[in-house]
$ cat entry03.cif   # mmCIF, C-alpha atoms
data_model
loop_
_atom_site.label_atom_id
_atom_site.label_comp_id
_atom_site.auth_asym_id
_atom_site.auth_seq_id
_atom_site.Cartn_x
_atom_site.Cartn_y
_atom_site.Cartn_z
CA MET A 1 18.17 -77.03 -4.29
CA LYS A 2 19.63 -73.57 -4.83
CA ASN A 3 16.21 -72.04 -4.25
CA LYS A 4 15.85 -73.94 -0.99
CA LEU A 5 19.22 -72.67 0.18
CA ARG A 6 18.24 -69.10 -0.68
CA LEU A 7 15.03 -69.45 1.34
CA THR A 8 17.09 -70.50 4.34
CA ILE A 9 19.80 -67.87 4.05
CA GLU A 10 17.63 -64.92 3.10
CA PRO A 11 15.79 -64.53 6.43
CA PHE A 12 19.18 -64.47 8.14
CA THR A 13 20.75 -61.72 6.03
CA ASN A 14 17.53 -59.71 5.90
CA GLY A 15 17.38 -59.70 9.69
CA ILE A 16 20.88 -58.26 9.99
CA ALA A 17 20.76 -55.56 7.33
CA LYS A 18 17.54 -54.86 5.47
CA ASN A 19 15.19 -55.34 8.40
CA ASN A 20 17.61 -54.31 11.14
CA ALA A 21 15.39 -54.00 14.21
CA THR A 22 17.18 -51.02 15.68
CA PHE A 23 18.10 -48.89 12.69
CA ARG A 24 15.38 -49.75 10.18
CA LEU A 25 12.28 -50.83 12.08
CA MET A 26 12.84 -48.94 15.37
CA LEU A 27 11.72 -51.89 17.44
CA GLY A 28 12.91 -52.75 20.93
CA THR A 29 13.93 -49.20 21.70
CA CYS A 30 13.71 -49.57 25.50
CA PRO A 31 16.63 -51.98 25.98
CA THR A 32 18.48 -50.25 23.13
CA LEU A 33 18.59 -47.04 25.12
CA ALA A 34 18.71 -48.42 28.64
CA VAL A 35 21.49 -50.99 28.68
CA THR A 36 23.96 -49.51 26.19
CA THR A 37 26.05 -47.63 28.77
CA ALA A 38 28.93 -49.94 27.84
CA ALA A 39 29.65 -52.16 24.84
CA MET A 40 29.73 -55.31 26.98
CA ASN A 41 26.26 -54.65 28.39
CA GLY A 42 24.88 -54.10 24.91
CA LEU A 43 26.49 -57.29 23.65
CA THR A 44 25.12 -59.37 26.53
CA MET A 45 21.63 -57.94 26.20
CA GLY A 46 21.71 -58.57 22.46
CA LEU A 47 22.80 -62.18 22.92
CA ALA A 48 20.17 -62.80 25.61
CA THR A 49 17.50 -61.42 23.29
CA THR A 50 18.86 -63.49 20.39
CA PHE A 51 18.58 -66.66 22.46
CA VAL A 52 14.98 -65.93 23.42
CA LEU A 53 14.10 -64.96 19.85
CA LEU A 54 15.70 -68.10 18.43
CA CYS A 55 13.91 -70.44 20.85
CA SER A 56 10.53 -68.72 20.69
CA ASN A 57 10.62 -68.57 16.88
CA PHE A 58 11.44 -72.29 16.76
CA ILE A 59 8.69 -73.36 19.17
CA ILE A 60 6.05 -71.03 17.70
CA SER A 61 6.89 -72.25 14.23
CA LEU A 62 6.52 -75.88 15.36
CA LEU A 63 3.17 -75.09 16.96
CA ARG A 64 1.92 -72.82 14.18
CA ASN A 65 -0.78 -75.26 13.09
CA VAL A 66 -1.80 -76.17 16.64
CA ILE A 67 -2.36 -72.75 18.23
CA PRO A 68 -5.84 -71.40 17.39
CA GLY A 69 -5.78 -67.91 15.88
CA LYS A 70 -7.87 -66.29 18.59
CA VAL A 71 -5.61 -67.15 21.51
CA ARG A 72 -2.32 -66.86 19.66
CA ILE A 73 -1.12 -63.71 21.42
CA PRO A 74 -1.41 -65.13 24.99
CA ALA A 75 0.13 -68.39 23.73
CA TYR A 76 3.10 -66.51 22.23
CA ILE A 77 3.52 -64.48 25.42
CA LEU A 78 3.61 -67.66 27.47
CA ILE A 79 6.24 -69.26 25.22
CA ILE A 80 8.38 -66.11 25.21
CA ALA A 81 8.06 -65.64 28.98
CA THR A 82 9.23 -69.21 29.56
CA PHE A 83 12.48 -68.65 27.68
CA VAL A 84 13.00 -65.28 29.34
CA THR A 85 12.73 -66.98 32.72
CA VAL A 86 15.34 -69.51 31.58
CA VAL A 87 17.72 -66.71 30.55
CA ASP A 88 17.06 -64.88 33.82
CA MET A 89 17.88 -67.94 35.93
CA VAL A 90 20.96 -68.95 33.93
CA MET A 91 22.40 -65.42 34.02
CA ASN A 92 21.68 -65.12 37.73
CA LYS A 93 23.69 -68.28 38.32
CA PHE A 94 26.63 -67.88 35.93
CA LEU A 95 26.91 -64.14 35.23
CA PRO A 96 25.74 -62.53 38.49
CA GLU A 97 27.51 -59.20 37.84
CA LEU A 98 26.02 -58.65 34.40
CA HIS A 99 22.68 -59.85 35.70
CA GLU A 100 22.88 -57.13 38.35
CA THR A 101 23.77 -54.43 35.79
CA LEU A 102 21.06 -55.33 33.31
CA GLY A 103 18.63 -55.84 36.22
CA LEU A 104 15.05 -55.10 35.35
CA PHE A 105 15.69 -55.31 31.61
CA ILE A 106 16.21 -59.08 31.64
CA PRO A 107 12.59 -59.89 32.62
CA LEU A 108 11.51 -57.06 30.33
CA ILE A 109 12.74 -59.02 27.29
CA VAL A 110 9.22 -60.48 27.42
CA VAL A 111 7.73 -57.21 26.23
CA ASN A 112 10.45 -56.52 23.67
CA CYS A 113 8.37 -55.84 20.58
CA ILE A 114 10.98 -57.41 18.27
CA ILE A 115 10.21 -60.89 19.57
CA MET A 116 6.45 -60.47 19.32
CA ALA A 117 6.80 -58.92 15.87
CA ARG A 118 8.89 -61.85 14.55
CA ALA A 119 6.51 -64.39 16.10
CA GLU A 120 3.50 -62.71 14.54
CA SER A 121 4.92 -61.83 11.14
CA PHE A 122 7.36 -64.66 10.48
CA ALA A 123 7.37 -67.71 12.74
CA SER A 124 3.58 -68.09 12.75
CA HIS A 125 3.53 -69.00 9.05
CA ASN A 126 6.96 -70.38 8.20
CA ALA A 127 8.68 -73.73 8.67
CA PRO A 128 10.99 -74.24 11.69
CA LEU A 129 14.31 -73.93 9.82
CA PRO A 130 13.69 -70.53 8.16
CA SER A 131 12.15 -69.34 11.46
CA VAL A 132 15.29 -70.24 13.35
CA MET A 133 17.42 -68.49 10.72
CA ASP A 134 15.17 -65.46 10.94
CA GLY A 135 15.45 -65.42 14.74
CA LEU A 136 19.22 -65.70 14.49
CA GLY A 137 19.49 -62.96 11.86
CA VAL A 138 17.19 -60.46 13.56
CA GLY A 139 18.78 -61.24 16.93
CA LEU A 140 22.32 -60.74 15.64
CA GLY A 141 21.26 -57.54 13.87
CA PHE A 142 19.92 -56.29 17.20
CA THR A 143 23.10 -57.41 18.99
CA LEU A 144 25.32 -55.60 16.47
CA ALA A 145 23.28 -52.42 16.84
CA LEU A 146 23.34 -52.54 20.66
CA THR A 147 27.07 -53.21 20.69
CA LEU A 148 27.69 -50.33 18.29
CA ILE A 149 25.67 -47.88 20.42
CA GLY A 150 27.39 -49.24 23.52
CA LEU A 151 30.84 -48.78 21.93
CA VAL A 152 30.14 -45.16 21.02
CA ARG A 153 28.67 -44.31 24.43
CA GLU A 154 31.45 -46.06 26.34
CA PHE A 155 34.13 -44.39 24.21
CA LEU A 156 32.71 -40.89 24.59
CA GLY A 157 31.32 -41.24 28.11
CA ALA A 158 33.99 -43.25 29.91
CA GLY A 159 36.90 -43.24 27.46
CA ALA A 160 37.00 -47.01 27.37
CA PHE A 161 36.73 -49.89 24.93
CA PHE A 162 34.96 -53.00 26.27
CA GLY A 163 35.87 -51.96 29.82
CA ILE A 164 39.53 -51.25 29.03
CA GLU A 165 40.39 -47.62 29.65
CA ILE A 166 42.05 -45.76 26.79
CA PRO A 167 44.75 -43.50 28.32
CA VAL A 168 44.28 -40.08 26.71
CA VAL A 169 40.62 -40.38 25.77
CA ALA A 170 39.63 -41.20 29.34
CA ASP A 171 40.79 -37.74 30.48
CA PHE A 172 38.32 -36.10 28.11
CA ALA A 173 35.39 -38.43 28.88
CA MET A 174 32.01 -36.70 28.85
CA THR A 175 29.85 -38.32 31.49
CA ILE A 176 26.69 -37.11 29.78
CA PHE A 177 27.06 -39.89 27.20
CA ILE A 178 26.54 -42.61 29.77
CA MET A 179 23.61 -40.71 31.26
CA PRO A 180 20.07 -41.07 29.84
CA ALA A 181 20.36 -37.93 27.70
CA GLY A 182 23.41 -39.40 25.94
CA ALA A 183 21.50 -42.54 25.03
CA PHE A 184 18.86 -40.61 23.10
CA LEU A 185 21.53 -38.41 21.52
CA VAL A 186 23.80 -41.24 20.32
CA TYR A 187 20.89 -43.30 18.99
CA GLY A 188 19.51 -40.22 17.22
CA PHE A 189 22.79 -39.31 15.54
CA LEU A 190 23.58 -42.91 14.55
CA LEU A 191 20.15 -43.01 12.89
CA VAL A 192 21.01 -39.83 11.01
CA LEU A 193 24.28 -41.35 9.77
CA PHE A 194 22.41 -44.50 8.79
CA ASN A 195 19.81 -42.47 6.89
CA VAL A 196 22.50 -40.49 5.07
CA ALA A 197 24.20 -43.74 4.04
CA VAL A 198 20.94 -45.33 2.86
CA ASN A 199 19.92 -42.19 0.93
CA ALA A 200 23.31 -41.97 -0.78
CA PHE A 201 23.11 -45.65 -1.69
CA GLN A 202 19.62 -45.27 -3.14
CA LYS A 203 20.60 -42.17 -5.12
CA LYS A 204 23.54 -44.05 -6.59
CA LYS A 205 21.25 -46.92 -7.54
CA VAL A 206 18.76 -44.57 -9.19
CA ALA A 207 21.57 -42.78 -11.03
CA GLU A 208 22.94 -46.10 -12.24
CA ALA A 209 19.51 -47.17 -13.45
CA GLN A 210 19.05 -43.88 -15.29
CA GLY A 211 22.57 -44.08 -16.71
CA GLY A 212 21.75 -47.54 -18.00
CA GLN A 213 18.61 -46.25 -19.71
CA ALA A 214 20.47 -43.39 -21.40
CA LYS A 215 22.77 -45.85 -23.08
CA MET B 1 2.88 -39.69 54.60
CA SER B 2 6.18 -38.15 53.59
CA TYR B 3 7.02 -41.39 51.79
CA ALA B 4 3.84 -41.08 49.76
CA PHE B 5 4.83 -37.54 48.79
CA TYR B 6 8.32 -38.73 47.89
CA LEU B 7 6.89 -41.48 45.67
CA ILE B 8 4.78 -39.02 43.74
CA ILE B 9 7.53 -36.45 43.16
CA SER B 10 10.05 -39.17 42.38
CA GLY B 11 7.75 -40.96 39.93
CA ILE B 12 6.91 -37.82 38.00
CA PHE B 13 10.19 -35.89 38.02
CA ILE B 14 13.26 -37.49 39.57
CA ASN B 15 12.95 -41.07 38.32
CA ASN B 16 10.77 -40.24 35.35
CA PHE B 17 9.91 -43.56 33.75
CA VAL B 18 10.62 -42.51 30.20
CA LEU B 19 13.45 -40.02 30.51
CA SER B 20 15.57 -41.58 33.20
CA GLN B 21 14.57 -45.25 33.34
CA PHE B 22 13.85 -45.92 29.64
CA LEU B 23 10.57 -47.69 30.19
CA GLY B 24 7.75 -47.20 27.72
CA ILE B 25 9.93 -45.72 24.97
CA CYS B 26 7.94 -47.34 22.14
CA PRO B 27 4.65 -45.53 22.82
CA PHE B 28 6.64 -42.43 23.86
CA LEU B 29 8.09 -42.21 20.36
CA GLY B 30 5.18 -43.78 18.51
CA VAL B 31 2.08 -42.04 19.88
CA SER B 32 3.51 -38.55 20.40
CA LYS B 33 2.60 -36.89 17.12
CA LYS B 34 -0.39 -35.00 18.54
CA THR B 35 -1.04 -33.74 22.05
CA GLU B 36 -4.60 -35.12 22.00
CA THR B 37 -3.60 -38.71 21.33
CA ALA B 38 -0.64 -38.35 23.69
CA LEU B 39 -3.01 -37.31 26.48
CA GLY B 40 -5.33 -40.24 25.73
CA MET B 41 -2.43 -42.67 25.82
CA GLY B 42 -1.11 -41.09 29.03
CA ILE B 43 -4.42 -41.39 30.87
CA ALA B 44 -4.86 -44.98 29.71
CA VAL B 45 -1.35 -45.78 30.99
CA ILE B 46 -2.00 -44.18 34.41
CA PHE B 47 -5.21 -46.19 34.67
CA VAL B 48 -3.66 -49.54 33.67
CA MET B 49 -0.52 -49.04 35.76
CA GLY B 50 -2.58 -48.23 38.86
CA VAL B 51 -4.78 -51.31 38.49
CA ALA B 52 -1.92 -53.59 37.41
CA SER B 53 0.20 -52.50 40.39
CA VAL B 54 -2.50 -53.54 42.87
CA VAL B 55 -3.29 -56.85 41.16
CA THR B 56 0.30 -57.96 40.60
CA TYR B 57 1.31 -56.92 44.12
CA ALA B 58 -1.46 -59.04 45.61
CA LEU B 59 -0.59 -61.97 43.34
CA ASN B 60 3.06 -61.76 44.31
CA LEU B 61 2.07 -62.33 47.96
CA LEU B 62 0.53 -65.62 46.80
CA LEU B 63 3.65 -66.51 44.81
CA VAL B 64 5.85 -65.81 47.82
CA ALA B 65 3.57 -67.83 50.10
CA ALA B 66 3.79 -70.79 47.72
CA ASN B 67 7.54 -70.23 47.27
CA ILE B 68 7.36 -70.05 43.47
CA GLN B 69 8.76 -66.57 42.83
CA TYR B 70 10.58 -67.83 39.75
CA LEU B 71 7.23 -67.81 37.97
CA GLN B 72 7.01 -64.04 38.51
CA THR B 73 7.71 -62.92 34.94
CA ILE B 74 5.33 -65.43 33.38
CA VAL B 75 2.52 -64.76 35.86
CA PHE B 76 2.87 -60.98 35.72
CA ILE B 77 2.83 -60.66 31.95
CA LEU B 78 -0.13 -63.02 31.57
CA VAL B 79 -2.05 -61.19 34.28
CA ILE B 80 -1.31 -57.81 32.72
CA ALA B 81 -2.35 -59.00 29.26
CA SER B 82 -5.62 -60.46 30.51
CA LEU B 83 -6.22 -57.51 32.81
CA ILE B 84 -6.06 -55.14 29.87
CA GLN B 85 -8.47 -57.33 27.92
CA LEU B 86 -10.80 -57.39 30.93
CA LEU B 87 -10.58 -53.63 31.41
CA GLU B 88 -11.52 -53.20 27.78
CA ILE B 89 -14.63 -55.36 28.18
CA VAL B 90 -15.67 -53.74 31.47
CA LEU B 91 -15.17 -50.21 30.15
CA LYS B 92 -17.10 -51.02 26.98
CA LYS B 93 -20.04 -52.25 29.04
CA PHE B 94 -20.15 -49.80 31.95
CA ALA B 95 -18.37 -46.67 30.78
CA PRO B 96 -18.84 -46.37 27.02
CA SER B 97 -17.76 -42.72 26.94
CA LEU B 98 -14.48 -43.53 28.68
CA TYR B 99 -14.10 -46.54 26.40
CA SER B 100 -14.48 -44.48 23.25
CA ALA B 101 -11.79 -42.13 24.55
CA LEU B 102 -9.27 -44.74 25.73
CA GLY B 103 -10.34 -47.87 23.82
CA VAL B 104 -7.84 -47.67 20.99
CA TYR B 105 -4.91 -47.25 23.36
CA LEU B 106 -5.65 -50.19 25.62
CA PRO B 107 -4.40 -53.04 23.37
CA LEU B 108 -1.19 -51.08 22.71
CA ILE B 109 -0.41 -51.00 26.41
CA THR B 110 0.11 -54.77 26.63
CA THR B 111 3.51 -54.40 25.02
CA ASN B 112 4.32 -51.24 26.95
CA CYS B 113 7.19 -52.35 29.11
CA ALA B 114 6.39 -49.63 31.66
CA VAL B 115 3.49 -51.68 33.03
CA LEU B 116 5.49 -54.87 33.55
CA GLY B 117 8.38 -52.71 34.73
CA VAL B 118 6.40 -51.05 37.49
CA ALA B 119 4.91 -54.39 38.54
CA ILE B 120 8.37 -55.92 38.97
CA MET B 121 9.78 -52.81 40.65
CA ASN B 122 6.93 -52.79 43.16
CA VAL B 123 7.95 -56.20 44.46
CA THR B 124 11.72 -55.87 44.18
CA SER B 125 12.99 -52.34 44.73
CA LEU B 126 10.22 -50.41 46.47
CA ALA B 127 11.47 -49.39 49.93
CA ASN B 128 8.21 -49.50 51.88
CA GLN B 129 6.30 -52.46 50.57
CA THR B 130 2.57 -52.20 51.11
CA ILE B 131 -0.20 -52.51 48.58
CA PHE B 132 -1.04 -48.81 48.98
CA TYR B 133 2.46 -47.67 48.13
CA ALA B 134 2.54 -50.07 45.19
CA PHE B 135 -0.67 -48.48 43.90
CA LEU B 136 0.73 -44.99 44.44
CA ASN B 137 3.97 -45.92 42.67
CA GLY B 138 1.97 -47.19 39.69
CA ILE B 139 -0.11 -44.02 39.47
CA ALA B 140 2.89 -41.71 39.93
CA SER B 141 4.99 -43.54 37.34
CA GLY B 142 2.06 -43.40 34.91
CA ALA B 143 1.77 -39.66 35.58
CA GLY B 144 5.50 -39.30 34.87
CA PHE B 145 4.98 -41.05 31.53
CA THR B 146 2.07 -38.72 30.74
CA VAL B 147 4.09 -35.59 31.56
CA ALA B 148 6.95 -36.73 29.34
CA ILE B 149 4.80 -37.76 26.37
CA MET B 150 2.73 -34.55 26.57
CA ILE B 151 5.85 -32.37 26.49
CA LEU B 152 7.27 -34.30 23.54
CA ALA B 153 3.97 -34.15 21.66
CA GLY B 154 3.80 -30.39 22.20
CA ILE B 155 7.30 -29.96 20.80
CA ARG B 156 6.64 -32.28 17.85
CA GLU B 157 3.50 -30.32 16.92
CA LYS B 158 5.61 -27.15 16.72
CA MET B 159 8.31 -28.95 14.76
CA GLU B 160 5.86 -29.91 11.99
CA THR B 161 6.26 -26.50 10.43
CA SER B 162 10.00 -26.19 10.85
CA ASP B 163 12.58 -26.92 8.20
CA ILE B 164 14.41 -30.10 9.24
CA PRO B 165 17.29 -31.60 7.18
CA GLU B 166 16.17 -34.69 5.24
CA ALA B 167 18.24 -37.19 7.19
CA PHE B 168 16.96 -35.90 10.54
CA LYS B 169 13.26 -36.22 9.68
CA GLY B 170 11.07 -38.53 11.73
CA PHE B 171 12.74 -40.62 14.42
CA PRO B 172 16.21 -39.00 14.64
CA ILE B 173 14.97 -35.49 15.43
CA THR B 174 12.47 -36.93 17.91
CA LEU B 175 15.27 -38.80 19.67
CA ILE B 176 17.43 -35.68 19.79
CA THR B 177 14.49 -33.71 21.22
CA ALA B 178 14.02 -36.44 23.82
CA SER B 179 17.71 -36.18 24.63
CA ILE B 180 17.41 -32.48 25.43
CA MET B 181 14.32 -33.25 27.55
CA ALA B 182 16.29 -35.93 29.40
CA MET B 183 19.07 -33.40 30.09
CA SER B 184 16.61 -31.00 31.69
CA PHE B 185 14.94 -33.78 33.68
CA ALA B 186 18.36 -34.93 34.89
CA ALA B 187 18.50 -31.70 36.86
CA PHE B 188 15.72 -33.03 39.10
CA GLY B 189 18.18 -35.71 40.15
CA SER B 190 19.84 -33.22 42.48
CA LEU B 191 16.67 -32.99 44.53
CA SER B 192 17.12 -35.08 47.63
CA PHE B 193 14.76 -36.12 50.36
#
$ encode --input "entry03.cif" --output "structure tokens"
Amino acid sequence: MKNKLRLTIEPFTNGIAKNNATFRLMLGTCPTLAVTTAAMNGLTMGLATTFVLLCSNFIISLLRNVIPGKVRIPAYILIIATFVTVVDMVMNKFLPELHETLGLFIPLIVVNCIIMARAESFASHNAPLPSVMDGLGVGLGFTLALTLIGLVREFLGAGAFFGIEIPVVADFAMTIFIMPAGAFLVYGFLLVLFNVAVNAFQKKKVAEAQGGQAK
Amino acid sequence: MSYAFYLIISGIFINNFVLSQFLGICPFLGVSKKTETALGMGIAVIFVMGVASVVTYALNLLLVAANIQYLQTIVFILVIASLIQLLEIVLKKFAPSLYSALGVYLPLITTNCAVLGVAIMNVTSLANQTIFYAFLNGIASGAGFTVAIMILAGIREKMETSDIPEAFKGFPITLITASIMAMSFAAFGSLSF
């Protein structure tokens, strides 16, 4: 029973931290850079991707024994494209402003390599429940990363927090951070910080292991 | 004629696909270690984007005629995926030398969002919509991608020998390089027609 629970939870936590799409695997870089001009845009894009990932993982996992190996890629693309169209239509109807801002990048969720990668490496040989958890975990990891990049860029570039202007900071806003160059820069430096943190963590672990041996 | 000229300059410099529109970032970062492979990838992208622009533009006319534009995303991505497969087979049969040069890059292009991006742009935001301009837009955008990836590959080759702090190695320094490239390309934005 405990083992079964672990198998369900693990894909979820792995997706958020250990296999974080943005900071560990460098997948889905196009939307990561393009839509993160503000935290809200990043959050919406992340949630839209999570929805598609969740649904496509579920369906692909259900059909994993039905789809012949040779035509699996076109079959996956078709399934993913269907859910992307759903998201596109729903957002167009209920969130027209955000739909306008994200524009081209909503249909482009189809070619987001995260979704294809999860379909190919996880959903195609796992049961529906773990696949859904995996989709949810990876999707939320992506959402967190996009929101974080969006927060930093919005703070530095427009002096705002989720669209609310911060009085003093706004006077010192550097527009370059909401321009394309800023996207590359912020993503690059966040990766550096992430690497430093991971390296420090690993060093500590190694030191602990060695310390344990010395005893 | 002046519109054709505008499309070319705009595709390569002003609205550079990679550095100002963020399309095709994955291959831009992934296949830019050497100038040779970057050039191969670039040429393959120009080729596929040109052909895909024409085919998807023509297909969209059918979709509009049948009033089923909502199928656009699904139709376009399937057509692009099969088109690339077809190109691979045709090249293998009729132009083996070209195939051996571009072959390895073709499957990678399916997930290059630049191709689907240009196909959608051609039917939504292109000002003068004819099949010729769609083709030109595809070629010019592909050329913009090639220019960007070639520059990055050239810089990365030089960086191999430089002393980079541990945490910056690999992706971070590449992203920061791309950022400086994007700053310089942003200057083209002040060009107006």
$ resolve_selection --input "entry03.cif" --expression "the PyMOL selection byres ((chain A) within 6 of (chain B))" --output "list in words"
Cys30, Ala34, Ala81, Val111, Pro180, Ala181, Phe184, Leu185, Gly188, Leu191, Val192, Asn195 and Val196 of chain A
$ atom_distance --input "entry03.cif" --atom1 "atom CA of Ser100 of chain B" --atom2 "atom CA of Met49 of chain B"
19.3 Å
$ resolve_selection --input "entry03.cif" --expression "the PyMOL selection byres ((chain A and resi 25) around 12)" --output "PyMOL selection string"
(chain A and resi 15-24+26-29+113-114+117-118+138+141-142+191) or (chain B and resi 26+30+171)
$ residues_around --input "entry03.cif" --residues "Ala119 of chain B" --least-positions-apart "6" --cutoff "7 Å" --atoms "all atoms listed in the file" --output "ChimeraX atom specification"
/B:52-53,56
$ write_last_selection --input "entry03.cif" --atoms "C-alpha atoms" --output "compact mmCIF listing (two decimals), in the coordinates of the input"
# COMPACT_ATOMS: atom_id res chain seq x y z
CA ALA B 52 -1.92 -53.59 37.41
CA SER B 53 0.20 -52.50 40.39
CA THR B 56 0.30 -57.96 40.60
$ resolve_selection --input "entry03.cif" --expression "the PyMOL selection byres ((chain A and resi 109) around 9)" --output "JSON, numbers by chain"
{"A": [28, 31, 48, 49, 52, 80, 81, 84, 105, 106, 107, 108, 110, 111, 112, 113, 115], "B": [113]}
$ residues_around --input "entry03.cif" --residues "Ser121 of chain A" --least-positions-apart "6" --cutoff "12 Å" --atoms "all atoms listed in the file" --output "VMD selection string"
chain A and resid 57 60 to 61 64 113 to 115 131 134 to 135
$ atom_distance --input "entry03.cif" --atom1 "atom CA of Ala160 of chain A" --atom2 "atom CA of Leu146 of chain A"
16.2 Å
$ decode --input "entry03.cif" --residues "segment 160-183 of chain A" --atoms "N, CA and C atoms" --output "PDB file, in the first residue's frame"
ATOM      1  N   ALA A 160       6.593  46.402 -11.133  1.00  0.00           N
ATOM      2  CA  ALA A 160       5.251  46.001 -10.715  1.00  0.00           C
ATOM      3  C   ALA A 160       5.263  44.568 -10.202  1.00  0.00           C
ATOM      4  N   PHE A 161       4.190  44.225  -9.469  1.00  0.00           N
ATOM      5  CA  PHE A 161       4.039  42.874  -8.942  1.00  0.00           C
ATOM      6  C   PHE A 161       2.651  42.383  -9.340  1.00  0.00           C
ATOM      7  N   PHE A 162       2.569  41.417 -10.225  1.00  0.00           N
ATOM      8  CA  PHE A 162       1.294  40.935 -10.756  1.00  0.00           C
ATOM      9  C   PHE A 162       0.411  42.091 -11.258  1.00  0.00           C
ATOM     10  N   GLY A 163       1.029  43.040 -11.959  1.00  0.00           N
ATOM     11  CA  GLY A 163       0.257  44.128 -12.558  1.00  0.00           C
ATOM     12  C   GLY A 163       0.035  45.305 -11.638  1.00  0.00           C
ATOM     13  N   ILE A 164       0.400  45.170 -10.340  1.00  0.00           N
ATOM     14  CA  ILE A 164       0.214  46.289  -9.412  1.00  0.00           C
ATOM     15  C   ILE A 164       1.533  47.047  -9.313  1.00  0.00           C
ATOM     16  N   GLU A 165       1.503  48.321  -9.634  1.00  0.00           N
ATOM     17  CA  GLU A 165       2.732  49.095  -9.642  1.00  0.00           C
ATOM     18  C   GLU A 165       3.248  49.320  -8.217  1.00  0.00           C
ATOM     19  N   ILE A 166       4.568  49.152  -8.057  1.00  0.00           N
ATOM     20  CA  ILE A 166       5.173  49.415  -6.748  1.00  0.00           C
ATOM     21  C   ILE A 166       5.757  50.828  -6.810  1.00  0.00           C
ATOM     22  N   PRO A 167       5.310  51.729  -5.913  1.00  0.00           N
ATOM     23  CA  PRO A 167       5.614  53.160  -6.044  1.00  0.00           C
ATOM     24  C   PRO A 167       7.049  53.533  -6.394  1.00  0.00           C
ATOM     25  N   VAL A 168       8.012  53.227  -5.533  1.00  0.00           N
ATOM     26  CA  VAL A 168       9.374  53.734  -5.751  1.00  0.00           C
ATOM     27  C   VAL A 168      10.085  52.955  -6.867  1.00  0.00           C
ATOM     28  N   VAL A 169       9.870  51.630  -6.847  1.00  0.00           N
ATOM     29  CA  VAL A 169      10.569  50.775  -7.809  1.00  0.00           C
ATOM     30  C   VAL A 169      10.207  51.151  -9.245  1.00  0.00           C
ATOM     31  N   ALA A 170       8.955  51.530  -9.451  1.00  0.00           N
ATOM     32  CA  ALA A 170       8.486  51.835 -10.799  1.00  0.00           C
ATOM     33  C   ALA A 170       9.267  52.984 -11.431  1.00  0.00           C
ATOM     34  N   ASP A 171       9.767  53.917 -10.587  1.00  0.00           N
ATOM     35  CA  ASP A 171      10.539  55.041 -11.124  1.00  0.00           C
ATOM     36  C   ASP A 171      11.897  54.604 -11.655  1.00  0.00           C
ATOM     37  N   PHE A 172      12.385  53.466 -11.161  1.00  0.00           N
ATOM     38  CA  PHE A 172      13.701  53.000 -11.591  1.00  0.00           C
ATOM     39  C   PHE A 172      13.590  51.805 -12.556  1.00  0.00           C
ATOM     40  N   ALA A 173      12.402  51.593 -13.107  1.00  0.00           N
ATOM     41  CA  ALA A 173      12.195  50.432 -13.977  1.00  0.00           C
ATOM     42  C   ALA A 173      13.124  50.491 -15.185  1.00  0.00           C
ATOM     43  N   MET A 174      13.715  49.326 -15.505  1.00  0.00           N
ATOM     44  CA  MET A 174      14.596  49.252 -16.670  1.00  0.00           C
ATOM     45  C   MET A 174      13.868  48.489 -17.772  1.00  0.00           C
ATOM     46  N   THR A 175      13.438  49.222 -18.773  1.00  0.00           N
ATOM     47  CA  THR A 175      12.595  48.620 -19.816  1.00  0.00           C
ATOM     48  C   THR A 175      13.253  47.423 -20.483  1.00  0.00           C
ATOM     49  N   ILE A 176      14.582  47.400 -20.469  1.00  0.00           N
ATOM     50  CA  ILE A 176      15.276  46.316 -21.173  1.00  0.00           C
ATOM     51  C   ILE A 176      14.842  44.943 -20.666  1.00  0.00           C
ATOM     52  N   PHE A 177      14.410  44.874 -19.392  1.00  0.00           N
ATOM     53  CA  PHE A 177      14.048  43.562 -18.856  1.00  0.00           C
ATOM     54  C   PHE A 177      12.736  43.022 -19.407  1.00  0.00           C
ATOM     55  N   ILE A 178      11.888  43.896 -19.948  1.00  0.00           N
ATOM     56  CA  ILE A 178      10.703  43.317 -20.601  1.00  0.00           C
ATOM     57  C   ILE A 178      10.909  43.215 -22.105  1.00  0.00           C
ATOM     58  N   MET A 179      12.083  43.609 -22.568  1.00  0.00           N
ATOM     59  CA  MET A 179      12.410  43.399 -23.983  1.00  0.00           C
ATOM     60  C   MET A 179      13.069  42.028 -24.155  1.00  0.00           C
ATOM     61  N   PRO A 180      13.176  41.537 -25.409  1.00  0.00           N
ATOM     62  CA  PRO A 180      13.750  40.202 -25.621  1.00  0.00           C
ATOM     63  C   PRO A 180      15.086  39.977 -24.929  1.00  0.00           C
ATOM     64  N   ALA A 181      15.990  40.971 -24.982  1.00  0.00           N
ATOM     65  CA  ALA A 181      17.312  40.780 -24.384  1.00  0.00           C
ATOM     66  C   ALA A 181      17.189  40.434 -22.906  1.00  0.00           C
ATOM     67  N   GLY A 182      16.255  41.077 -22.201  1.00  0.00           N
ATOM     68  CA  GLY A 182      16.057  40.841 -20.784  1.00  0.00           C
ATOM     69  C   GLY A 182      15.623  39.422 -20.491  1.00  0.00           C
ATOM     70  N   ALA A 183      14.841  38.843 -21.408  1.00  0.00           N
ATOM     71  CA  ALA A 183      14.367  37.478 -21.209  1.00  0.00           C
ATOM     72  C   ALA A 183      15.541  36.518 -21.140  1.00  0.00           C
TER      73      ALA A 183
END
